[in-house]
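One file, input08.tsv, is given below (TSV, N, CA and C atoms).
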```tsv
chain	number	residue	atom	x	y	z
T	52	GLN	N	-76.35	22.47	-61.27
T	52	GLN	CA	-77.55	22.23	-60.47
T	52	GLN	C	-77.69	23.32	-59.41
T	53	VAL	N	-78.88	23.81	-59.23
T	53	VAL	CA	-79.19	24.81	-58.21
T	53	VAL	C	-80.23	24.22	-57.28
T	54	GLU	N	-79.97	24.25	-56.00
T	54	GLU	CA	-80.95	23.80	-55.01
T	54	GLU	C	-81.50	25.00	-54.28
T	55	LEU	N	-82.82	25.05	-54.19
T	55	LEU	CA	-83.50	26.18	-53.57
T	55	LEU	C	-84.31	25.72	-52.36
T	56	VAL	N	-84.26	26.48	-51.30
T	56	VAL	CA	-85.01	26.16	-50.09
T	56	VAL	C	-85.72	27.41	-49.60
T	57	GLU	N	-87.05	27.35	-49.57
T	57	GLU	CA	-87.83	28.48	-49.08
T	57	GLU	C	-88.09	28.34	-47.58
T	58	SER	N	-88.27	29.48	-46.95
T	58	SER	CA	-88.63	29.51	-45.53
T	58	SER	C	-89.32	30.83	-45.25
T	59	GLY	N	-89.89	30.94	-44.04
T	59	GLY	CA	-90.49	32.19	-43.63
T	59	GLY	C	-92.00	32.23	-43.68
T	60	GLY	N	-92.61	31.19	-44.22
T	60	GLY	CA	-94.06	31.15	-44.25
T	60	GLY	C	-94.64	30.93	-42.87
T	61	GLY	N	-95.95	30.99	-42.78
T	61	GLY	CA	-96.61	30.77	-41.50
T	61	GLY	C	-98.02	31.28	-41.53
T	62	LEU	N	-98.60	31.35	-40.33
T	62	LEU	CA	-99.97	31.84	-40.15
T	62	LEU	C	-99.91	33.29	-39.69
T	63	VAL	N	-100.62	34.15	-40.37
T	63	VAL	CA	-100.62	35.57	-40.03
T	63	VAL	C	-102.04	36.11	-40.20
T	64	GLN	N	-102.37	37.11	-39.42
T	64	GLN	CA	-103.68	37.74	-39.56
T	64	GLN	C	-103.69	38.68	-40.74
T	65	ALA	N	-104.88	38.90	-41.28
T	65	ALA	CA	-105.03	39.85	-42.37
T	65	ALA	C	-104.47	41.21	-41.95
T	66	GLY	N	-103.74	41.83	-42.86
T	66	GLY	CA	-103.09	43.09	-42.57
T	66	GLY	C	-101.67	42.94	-42.08
T	67	GLY	N	-101.28	41.73	-41.76
T	67	GLY	CA	-99.93	41.47	-41.26
T	67	GLY	C	-98.90	41.36	-42.38
T	68	SER	N	-97.68	41.05	-41.98
T	68	SER	CA	-96.56	40.97	-42.92
T	68	SER	C	-95.77	39.69	-42.72
T	69	LEU	N	-95.12	39.27	-43.78
T	69	LEU	CA	-94.20	38.14	-43.72
T	69	LEU	C	-93.03	38.44	-44.66
T	70	ARG	N	-91.87	37.89	-44.31
T	70	ARG	CA	-90.74	37.94	-45.22
T	70	ARG	C	-90.33	36.51	-45.53
T	71	LEU	N	-90.48	36.15	-46.78
T	71	LEU	CA	-90.08	34.83	-47.24
T	71	LEU	C	-88.64	34.87	-47.72
T	72	SER	N	-87.94	33.77	-47.49
T	72	SER	CA	-86.57	33.65	-47.93
T	72	SER	C	-86.41	32.48	-48.87
T	73	CYS	N	-85.52	32.63	-49.83
T	73	CYS	CA	-85.17	31.58	-50.77
T	73	CYS	C	-83.65	31.44	-50.74
T	74	ALA	N	-83.19	30.40	-50.07
T	74	ALA	CA	-81.75	30.18	-49.94
T	74	ALA	C	-81.30	29.18	-50.99
T	75	ALA	N	-80.18	29.47	-51.60
T	75	ALA	CA	-79.70	28.63	-52.70
T	75	ALA	C	-78.35	28.03	-52.42
T	76	SER	N	-78.11	26.90	-53.00
T	76	SER	CA	-76.79	26.27	-52.96
T	76	SER	C	-76.54	25.67	-54.33
T	77	GLY	N	-75.33	25.34	-54.57
T	77	GLY	CA	-75.00	24.76	-55.87
T	77	GLY	C	-74.21	25.73	-56.71
T	78	ARG	N	-74.59	25.90	-57.94
T	78	ARG	CA	-73.86	26.77	-58.85
T	78	ARG	C	-73.92	28.22	-58.37
T	79	THR	N	-73.21	29.06	-59.04
T	79	THR	CA	-73.12	30.46	-58.64
T	79	THR	C	-74.49	31.11	-58.70
T	80	PHE	N	-75.16	31.14	-57.57
T	80	PHE	CA	-76.53	31.64	-57.50
T	80	PHE	C	-76.62	33.11	-57.84
T	81	SER	N	-75.56	33.85	-57.55
T	81	SER	CA	-75.61	35.29	-57.76
T	81	SER	C	-75.79	35.65	-59.23
T	82	ASN	N	-75.55	34.71	-60.13
T	82	ASN	CA	-75.72	34.98	-61.56
T	82	ASN	C	-77.09	34.58	-62.09
T	83	TYR	N	-77.95	34.07	-61.21
T	83	TYR	CA	-79.26	33.62	-61.66
T	83	TYR	C	-80.34	34.65	-61.37
T	84	ASN	N	-81.24	34.82	-62.32
T	84	ASN	CA	-82.48	35.52	-62.05
T	84	ASN	C	-83.39	34.59	-61.26
T	85	VAL	N	-84.22	35.15	-60.42
T	85	VAL	CA	-85.08	34.36	-59.54
T	85	VAL	C	-86.50	34.92	-59.53
T	86	ALA	N	-87.46	34.04	-59.51
T	86	ALA	CA	-88.86	34.46	-59.43
T	86	ALA	C	-89.56	33.77	-58.26
T	87	TRP	N	-90.58	34.42	-57.76
T	87	TRP	CA	-91.47	33.82	-56.77
T	87	TRP	C	-92.81	33.52	-57.44
T	88	PHE	N	-93.33	32.34	-57.14
T	88	PHE	CA	-94.65	31.93	-57.59
T	88	PHE	C	-95.46	31.51	-56.36
T	89	ARG	N	-96.75	31.37	-56.57
T	89	ARG	CA	-97.57	30.83	-55.49
T	89	ARG	C	-98.65	29.93	-56.10
T	90	GLN	N	-99.12	29.02	-55.28
T	90	GLN	CA	-100.17	28.11	-55.72
T	90	GLN	C	-101.13	27.83	-54.58
T	91	ALA	N	-102.38	28.20	-54.79
T	91	ALA	CA	-103.43	27.91	-53.83
T	91	ALA	C	-104.11	26.60	-54.22
T	92	PRO	N	-104.75	25.93	-53.28
T	92	PRO	CA	-105.42	24.66	-53.59
T	92	PRO	C	-106.41	24.80	-54.74
T	93	GLY	N	-106.30	23.91	-55.71
T	93	GLY	CA	-107.22	23.92	-56.83
T	93	GLY	C	-106.94	24.97	-57.88
T	94	LYS	N	-105.86	25.72	-57.71
T	94	LYS	CA	-105.52	26.77	-58.67
T	94	LYS	C	-104.16	26.51	-59.30
T	95	GLU	N	-103.94	27.16	-60.42
T	95	GLU	CA	-102.65	27.03	-61.09
T	95	GLU	C	-101.59	27.85	-60.36
T	96	ARG	N	-100.36	27.43	-60.56
T	96	ARG	CA	-99.24	28.18	-60.00
T	96	ARG	C	-99.13	29.52	-60.73
T	97	GLU	N	-99.02	30.60	-59.98
T	97	GLU	CA	-99.01	31.92	-60.61
T	97	GLU	C	-97.80	32.74	-60.18
T	98	PHE	N	-97.34	33.56	-61.09
T	98	PHE	CA	-96.19	34.43	-60.86
T	98	PHE	C	-96.53	35.50	-59.84
T	99	VAL	N	-95.57	35.78	-58.96
T	99	VAL	CA	-95.75	36.84	-57.97
T	99	VAL	C	-94.78	38.01	-58.24
T	100	ALA	N	-93.50	37.71	-58.29
T	100	ALA	CA	-92.49	38.76	-58.46
T	100	ALA	C	-91.19	38.12	-58.94
T	101	GLY	N	-90.32	38.94	-59.52
T	101	GLY	CA	-89.04	38.43	-60.01
T	101	GLY	C	-87.95	39.46	-59.87
T	102	ILE	N	-86.72	38.96	-59.77
T	102	ILE	CA	-85.57	39.84	-59.62
T	102	ILE	C	-84.41	39.27	-60.43
T	103	ASN	N	-83.69	40.15	-61.13
T	103	ASN	CA	-82.58	39.63	-61.91
T	103	ASN	C	-81.30	39.58	-61.07
T	104	TRP	N	-80.23	39.11	-61.68
T	104	TRP	CA	-79.02	38.84	-60.90
T	104	TRP	C	-78.36	40.12	-60.40
T	105	THR	N	-78.68	41.25	-61.04
T	105	THR	CA	-78.10	42.53	-60.59
T	105	THR	C	-78.92	43.17	-59.49
T	106	GLY	N	-80.09	42.61	-59.20
T	106	GLY	CA	-80.95	43.18	-58.17
T	106	GLY	C	-82.11	44.00	-58.70
T	107	ALA	N	-82.24	44.10	-60.02
T	107	ALA	CA	-83.36	44.83	-60.60
T	107	ALA	C	-84.58	43.92	-60.65
T	108	SER	N	-85.70	44.44	-60.23
T	108	SER	CA	-86.92	43.64	-60.21
T	108	SER	C	-87.75	43.89	-61.46
T	109	ILE	N	-88.59	42.94	-61.79
T	109	ILE	CA	-89.54	43.13	-62.88
T	109	ILE	C	-90.91	43.38	-62.27
T	110	ASN	N	-91.82	43.87	-63.06
T	110	ASN	CA	-93.13	44.24	-62.54
T	110	ASN	C	-93.78	43.04	-61.83
T	111	PRO	N	-94.19	43.23	-60.60
T	111	PRO	CA	-94.85	42.14	-59.89
T	111	PRO	C	-96.27	41.93	-60.42
T	112	ALA	N	-96.88	40.87	-59.99
T	112	ALA	CA	-98.27	40.60	-60.36
T	112	ALA	C	-99.17	41.71	-59.81
T	113	ASP	N	-100.24	41.98	-60.52
T	113	ASP	CA	-101.15	43.05	-60.11
T	113	ASP	C	-101.68	42.84	-58.70
T	114	PHE	N	-101.89	41.59	-58.32
T	114	PHE	CA	-102.53	41.33	-57.03
T	114	PHE	C	-101.60	41.61	-55.85
T	115	VAL	N	-100.30	41.85	-56.08
T	115	VAL	CA	-99.40	42.20	-54.97
T	115	VAL	C	-98.75	43.57	-55.15
T	116	LYS	N	-99.08	44.26	-56.22
T	116	LYS	CA	-98.47	45.57	-56.45
T	116	LYS	C	-98.72	46.49	-55.26
T	117	GLY	N	-97.65	47.12	-54.83
T	117	GLY	CA	-97.75	48.03	-53.71
T	117	GLY	C	-97.71	47.34	-52.35
T	118	ARG	N	-97.71	46.00	-52.37
T	118	ARG	CA	-97.72	45.26	-51.11
T	118	ARG	C	-96.51	44.35	-50.95
T	119	CYS	N	-95.67	44.24	-51.97
T	119	CYS	CA	-94.54	43.33	-51.84
T	119	CYS	C	-93.27	43.96	-52.38
T	120	THR	N	-92.17	43.51	-51.83
T	120	THR	CA	-90.85	43.93	-52.28
T	120	THR	C	-89.97	42.71	-52.40
T	121	ILE	N	-89.32	42.56	-53.56
T	121	ILE	CA	-88.39	41.46	-53.75
T	121	ILE	C	-86.98	42.02	-53.70
T	122	SER	N	-86.09	41.30	-53.06
T	122	SER	CA	-84.71	41.76	-52.94
T	122	SER	C	-83.80	40.53	-52.87
T	123	ARG	N	-82.50	40.77	-52.94
T	123	ARG	CA	-81.58	39.66	-52.84
T	123	ARG	C	-80.30	40.09	-52.15
T	124	ASP	N	-79.66	39.13	-51.52
T	124	ASP	CA	-78.35	39.33	-50.91
T	124	ASP	C	-77.46	38.25	-51.48
T	125	ASN	N	-76.71	38.60	-52.50
T	125	ASN	CA	-75.90	37.59	-53.18
T	125	ASN	C	-74.79	37.04	-52.29
T	126	ALA	N	-74.36	37.81	-51.32
T	126	ALA	CA	-73.34	37.31	-50.40
T	126	ALA	C	-73.88	36.15	-49.55
T	127	LYS	N	-75.19	36.16	-49.37
T	127	LYS	CA	-75.84	35.10	-48.59
T	127	LYS	C	-76.57	34.10	-49.47
T	128	ASN	N	-76.45	34.27	-50.79
T	128	ASN	CA	-77.16	33.38	-51.72
T	128	ASN	C	-78.64	33.28	-51.39
T	129	THR	N	-79.24	34.40	-51.12
T	129	THR	CA	-80.64	34.41	-50.69
T	129	THR	C	-81.43	35.51	-51.39
T	130	VAL	N	-82.65	35.16	-51.76
T	130	VAL	CA	-83.61	36.10	-52.31
T	130	VAL	C	-84.77	36.19	-51.34
T	131	TYR	N	-85.27	37.41	-51.15
T	131	TYR	CA	-86.34	37.65	-50.18
T	131	TYR	C	-87.60	38.16	-50.87
T	132	LEU	N	-88.72	37.85	-50.28
T	132	LEU	CA	-90.00	38.41	-50.71
T	132	LEU	C	-90.70	38.95	-49.47
T	133	GLN	N	-90.71	40.26	-49.36
T	133	GLN	CA	-91.40	40.92	-48.24
T	133	GLN	C	-92.83	41.20	-48.67
T	134	MET	N	-93.78	40.71	-47.92
T	134	MET	CA	-95.19	40.94	-48.25
T	134	MET	C	-95.88	41.62	-47.08
T	135	ASN	N	-96.56	42.71	-47.40
T	135	ASN	CA	-97.25	43.51	-46.39
T	135	ASN	C	-98.75	43.54	-46.67
T	136	ASN	N	-99.49	43.97	-45.67
T	136	ASN	CA	-100.95	44.08	-45.81
T	136	ASN	C	-101.53	42.81	-46.42
T	137	LEU	N	-101.17	41.69	-45.84
T	137	LEU	CA	-101.60	40.40	-46.39
T	137	LEU	C	-103.11	40.23	-46.29
T	138	LYS	N	-103.65	39.54	-47.27
T	138	LYS	CA	-105.08	39.29	-47.37
T	138	LYS	C	-105.34	37.79	-47.35
T	139	PRO	N	-106.52	37.37	-46.95
T	139	PRO	CA	-106.81	35.92	-46.94
T	139	PRO	C	-106.57	35.28	-48.30
T	140	GLU	N	-106.82	36.01	-49.38
T	140	GLU	CA	-106.62	35.46	-50.72
T	140	GLU	C	-105.15	35.29	-51.08
T	141	ASP	N	-104.25	35.77	-50.22
T	141	ASP	CA	-102.82	35.54	-50.42
T	141	ASP	C	-102.39	34.16	-49.90
T	142	SER	N	-103.28	33.47	-49.23
T	142	SER	CA	-102.96	32.15	-48.70
T	142	SER	C	-102.62	31.19	-49.83
T	143	ALA	N	-101.46	30.58	-49.74
T	143	ALA	CA	-100.98	29.68	-50.79
T	143	ALA	C	-99.63	29.11	-50.35
T	144	VAL	N	-99.15	28.17	-51.14
T	144	VAL	CA	-97.76	27.73	-51.01
T	144	VAL	C	-96.94	28.61	-51.93
T	145	TYR	N	-95.90	29.20	-51.40
T	145	TYR	CA	-95.04	30.10	-52.15
T	145	TYR	C	-93.75	29.38	-52.51
T	146	TYR	N	-93.39	29.49	-53.79
T	146	TYR	CA	-92.21	28.82	-54.32
T	146	TYR	C	-91.25	29.84	-54.93
T	147	CYS	N	-89.96	29.58	-54.79
T	147	CYS	CA	-89.01	30.35	-55.59
T	147	CYS	C	-88.49	29.44	-56.70
T	148	ALA	N	-88.08	30.08	-57.79
T	148	ALA	CA	-87.68	29.32	-58.96
T	148	ALA	C	-86.58	30.05	-59.70
T	149	ALA	N	-85.75	29.28	-60.39
T	149	ALA	CA	-84.68	29.86	-61.20
T	149	ALA	C	-84.69	29.19	-62.57
T	150	PRO	N	-84.35	29.94	-63.61
T	150	PRO	CA	-84.32	29.36	-64.95
T	150	PRO	C	-83.06	28.52	-65.16
T	151	GLN	N	-83.01	27.84	-66.25
T	151	GLN	CA	-81.88	26.96	-66.53
T	151	GLN	C	-80.61	27.74	-66.82
T	152	ILE	N	-80.76	28.88	-67.50
T	152	ILE	CA	-79.59	29.63	-67.95
T	152	ILE	C	-79.35	30.82	-67.03
T	153	ARG	N	-78.12	30.93	-66.55
T	153	ARG	CA	-77.77	32.04	-65.68
T	153	ARG	C	-77.86	33.38	-66.41
T	154	GLY	N	-78.32	34.38	-65.71
T	154	GLY	CA	-78.26	35.74	-66.22
T	154	GLY	C	-79.34	36.12	-67.21
T	155	TYR	N	-80.24	35.20	-67.52
T	155	TYR	CA	-81.28	35.49	-68.49
T	155	TYR	C	-82.65	35.14	-67.92
T	156	TRP	N	-83.65	35.96	-68.36
T	156	TRP	CA	-85.03	35.57	-68.08
T	156	TRP	C	-85.45	34.59	-69.17
T	157	PRO	N	-86.26	33.62	-68.79
T	157	PRO	CA	-86.79	32.72	-69.81
T	157	PRO	C	-87.75	33.48	-70.73
T	158	GLY	N	-88.19	32.82	-71.79
T	158	GLY	CA	-89.01	33.47	-72.80
T	158	GLY	C	-90.19	34.24	-72.22
T	159	ASN	N	-90.89	33.62	-71.28
T	159	ASN	CA	-91.96	34.31	-70.57
T	159	ASN	C	-91.70	34.13	-69.09
T	160	ALA	N	-91.19	35.15	-68.47
T	160	ALA	CA	-90.77	35.05	-67.07
T	160	ALA	C	-91.94	34.82	-66.12
T	161	ARG	N	-93.15	35.01	-66.61
T	161	ARG	CA	-94.31	34.86	-65.73
T	161	ARG	C	-94.97	33.48	-65.84
T	162	LEU	N	-94.37	32.62	-66.66
T	162	LEU	CA	-94.89	31.26	-66.79
T	162	LEU	C	-94.07	30.29	-65.95
T	163	SER	N	-94.73	29.48	-65.15
T	163	SER	CA	-94.00	28.54	-64.30
T	163	SER	C	-93.24	27.52	-65.14
T	164	SER	N	-93.74	27.20	-66.31
T	164	SER	CA	-93.08	26.20	-67.16
T	164	SER	C	-91.74	26.69	-67.70
T	165	SER	N	-91.46	27.99	-67.55
T	165	SER	CA	-90.20	28.56	-68.04
T	165	SER	C	-89.04	28.29	-67.09
T	166	TYR	N	-89.31	27.73	-65.92
T	166	TYR	CA	-88.29	27.59	-64.89
T	166	TYR	C	-87.88	26.15	-64.69
T	167	THR	N	-86.60	25.97	-64.39
T	167	THR	CA	-86.03	24.64	-64.23
T	167	THR	C	-85.88	24.23	-62.77
T	168	TYR	N	-85.43	25.16	-61.96
T	168	TYR	CA	-85.12	24.85	-60.57
T	168	TYR	C	-86.20	25.40	-59.65
T	169	TRP	N	-86.65	24.56	-58.73
T	169	TRP	CA	-87.73	24.92	-57.82
T	169	TRP	C	-87.38	24.49	-56.40
T	170	GLY	N	-87.86	25.26	-55.44
T	170	GLY	CA	-87.79	24.83	-54.06
T	170	GLY	C	-89.01	24.00	-53.72
T	171	GLN	N	-89.10	23.59	-52.47
T	171	GLN	CA	-90.20	22.73	-52.03
T	171	GLN	C	-91.42	23.54	-51.61
T	172	GLY	N	-91.25	24.85	-51.47
T	172	GLY	CA	-92.37	25.71	-51.12
T	172	GLY	C	-92.48	25.97	-49.63
T	173	THR	N	-93.11	27.08	-49.30
T	173	THR	CA	-93.40	27.43	-47.91
T	173	THR	C	-94.85	27.91	-47.83
T	174	GLN	N	-95.58	27.40	-46.86
T	174	GLN	CA	-97.01	27.69	-46.75
T	174	GLN	C	-97.24	29.05	-46.10
T	175	VAL	N	-98.08	29.85	-46.71
T	175	VAL	CA	-98.53	31.11	-46.13
T	175	VAL	C	-100.03	31.02	-45.94
T	176	THR	N	-100.48	31.24	-44.73
T	176	THR	CA	-101.91	31.22	-44.43
T	176	THR	C	-102.28	32.53	-43.76
T	177	VAL	N	-103.24	33.21	-44.35
T	177	VAL	CA	-103.68	34.51	-43.83
T	177	VAL	C	-105.10	34.35	-43.32
T	178	SER	N	-105.29	34.61	-42.06
T	178	SER	CA	-106.62	34.49	-41.46
T	178	SER	C	-107.34	35.82	-41.48
T	179	SER	N	-108.65	35.76	-41.60
T	179	SER	CA	-109.44	36.99	-41.68
T	179	SER	C	-109.85	37.46	-40.30
```

Mind turning this structure into structure tokens?
Amino acid sequence: QVELVESGGGLVQAGGSLRLSCAASGRTFSNYNVAWFRQAPGKEREFVAGINWTGASINPADFVKGRCTISRDNAKNTVYLQMNNLKPEDSAVYYCAAPQIRGYWPGNARLSSSYTYWGQGTQVTVSS
């Protein structure tokens, strides 16, 4: 079992930055690939960025390319999502997720249904 807890969300003005954290406990988190998703009211949960257990990232979603960096500190069992130049359309609840099997990406890493472990989410609100 992997337990995930997100933090770092909040209210920020357009153009500002936030760093979200995903802290894990339970099984050896350092062996898990991790993804960030977000969900705005009335919309489906969508993939934002992902990082494998070695620290290599996969292509982020087009809507955050050039504006976000995903990283991890396995000694702290934490994955980070740094987001810059935030826009009002970035407002959403942000979730981190891990697949069931350590060390592997699920069949489609950009689908929320591919993930087993989820945090409770952290709200990001960007004002114009």

Compile the contact shell of range 167-174 of chain T as a VMD selection string: residues with an atom at most 9 Å away, counting only C-alpha atoms, same-chain residues fewer than 4 positions apart removed. chain T and resid 52 to 62 71 73 89 142 to 152 163

Asn159 in chain T proximity check over T:Leu132, T:Ala75, T:Leu69, T:Ala86, using only C-alpha atoms: winner is T:Ala86

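The spacing separating atom N of Pro157 in chain T from CA of Val85 in chain T amounts to 9.4 Å.
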
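Checking T:Tyr83, T:Asn135, T:Arg153, T:Ala112 one by one against Glu97 in chain T, counting only N, CA and C atoms, you find the shortest gap at T:Ala112.
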
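Distance annotation: of T:Ser76, T:Asp141, T:Ala100, T:Gly106, the residue with the minimal separation from Arg123 in chain T is T:Gly106; atom set is all atoms listed in the file.
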
List the neighbours of Trp104 in chain T out to 7 Å using only C-alpha atoms; skip same-chain residues closer than 2 positions along the sequence, and give me the result as a PyMOL selection string. chain T and resi 81-84+102+106+154

Convert the current residue selection to file output with N, CA and C atoms, as a compact mmCIF listing (two decimals), in the coordinates of the input.
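Output file again_5.txt is given in full below:
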```txt
# COMPACT_ATOMS: atom_id res chain seq x y z
N SER T 81 -75.56 33.85 -57.55
CA SER T 81 -75.61 35.29 -57.76
C SER T 81 -75.79 35.65 -59.23
N ASN T 82 -75.55 34.71 -60.13
CA ASN T 82 -75.72 34.98 -61.56
C ASN T 82 -77.09 34.58 -62.09
N TYR T 83 -77.95 34.07 -61.21
CA TYR T 83 -79.26 33.62 -61.66
C TYR T 83 -80.34 34.65 -61.37
N ASN T 84 -81.24 34.82 -62.32
CA ASN T 84 -82.48 35.52 -62.05
C ASN T 84 -83.39 34.59 -61.26
N ILE T 102 -86.72 38.96 -59.77
CA ILE T 102 -85.57 39.84 -59.62
C ILE T 102 -84.41 39.27 -60.43
N GLY T 106 -80.09 42.61 -59.20
CA GLY T 106 -80.95 43.18 -58.17
C GLY T 106 -82.11 44.00 -58.70
N GLY T 154 -78.32 34.38 -65.71
CA GLY T 154 -78.26 35.74 -66.22
C GLY T 154 -79.34 36.12 -67.21
```

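Residue nearest Lys138 in chain T within the list T:Ser108, T:Ser122, T:Ser178, T:Phe80: T:Ser178 [criterion: smallest interatomic distance, only N, CA and C atoms].
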
List every residue of chain T that DSSP, applied to the backbone of this structure, places in strand (DSSP E), and write the result as a VMD selection string. chain T and resid 53 to 58 61 to 64 69 to 77 85 to 90 97 to 102 108 to 109 119 to 124 129 to 134 143 to 149 168 to 169 173 to 178
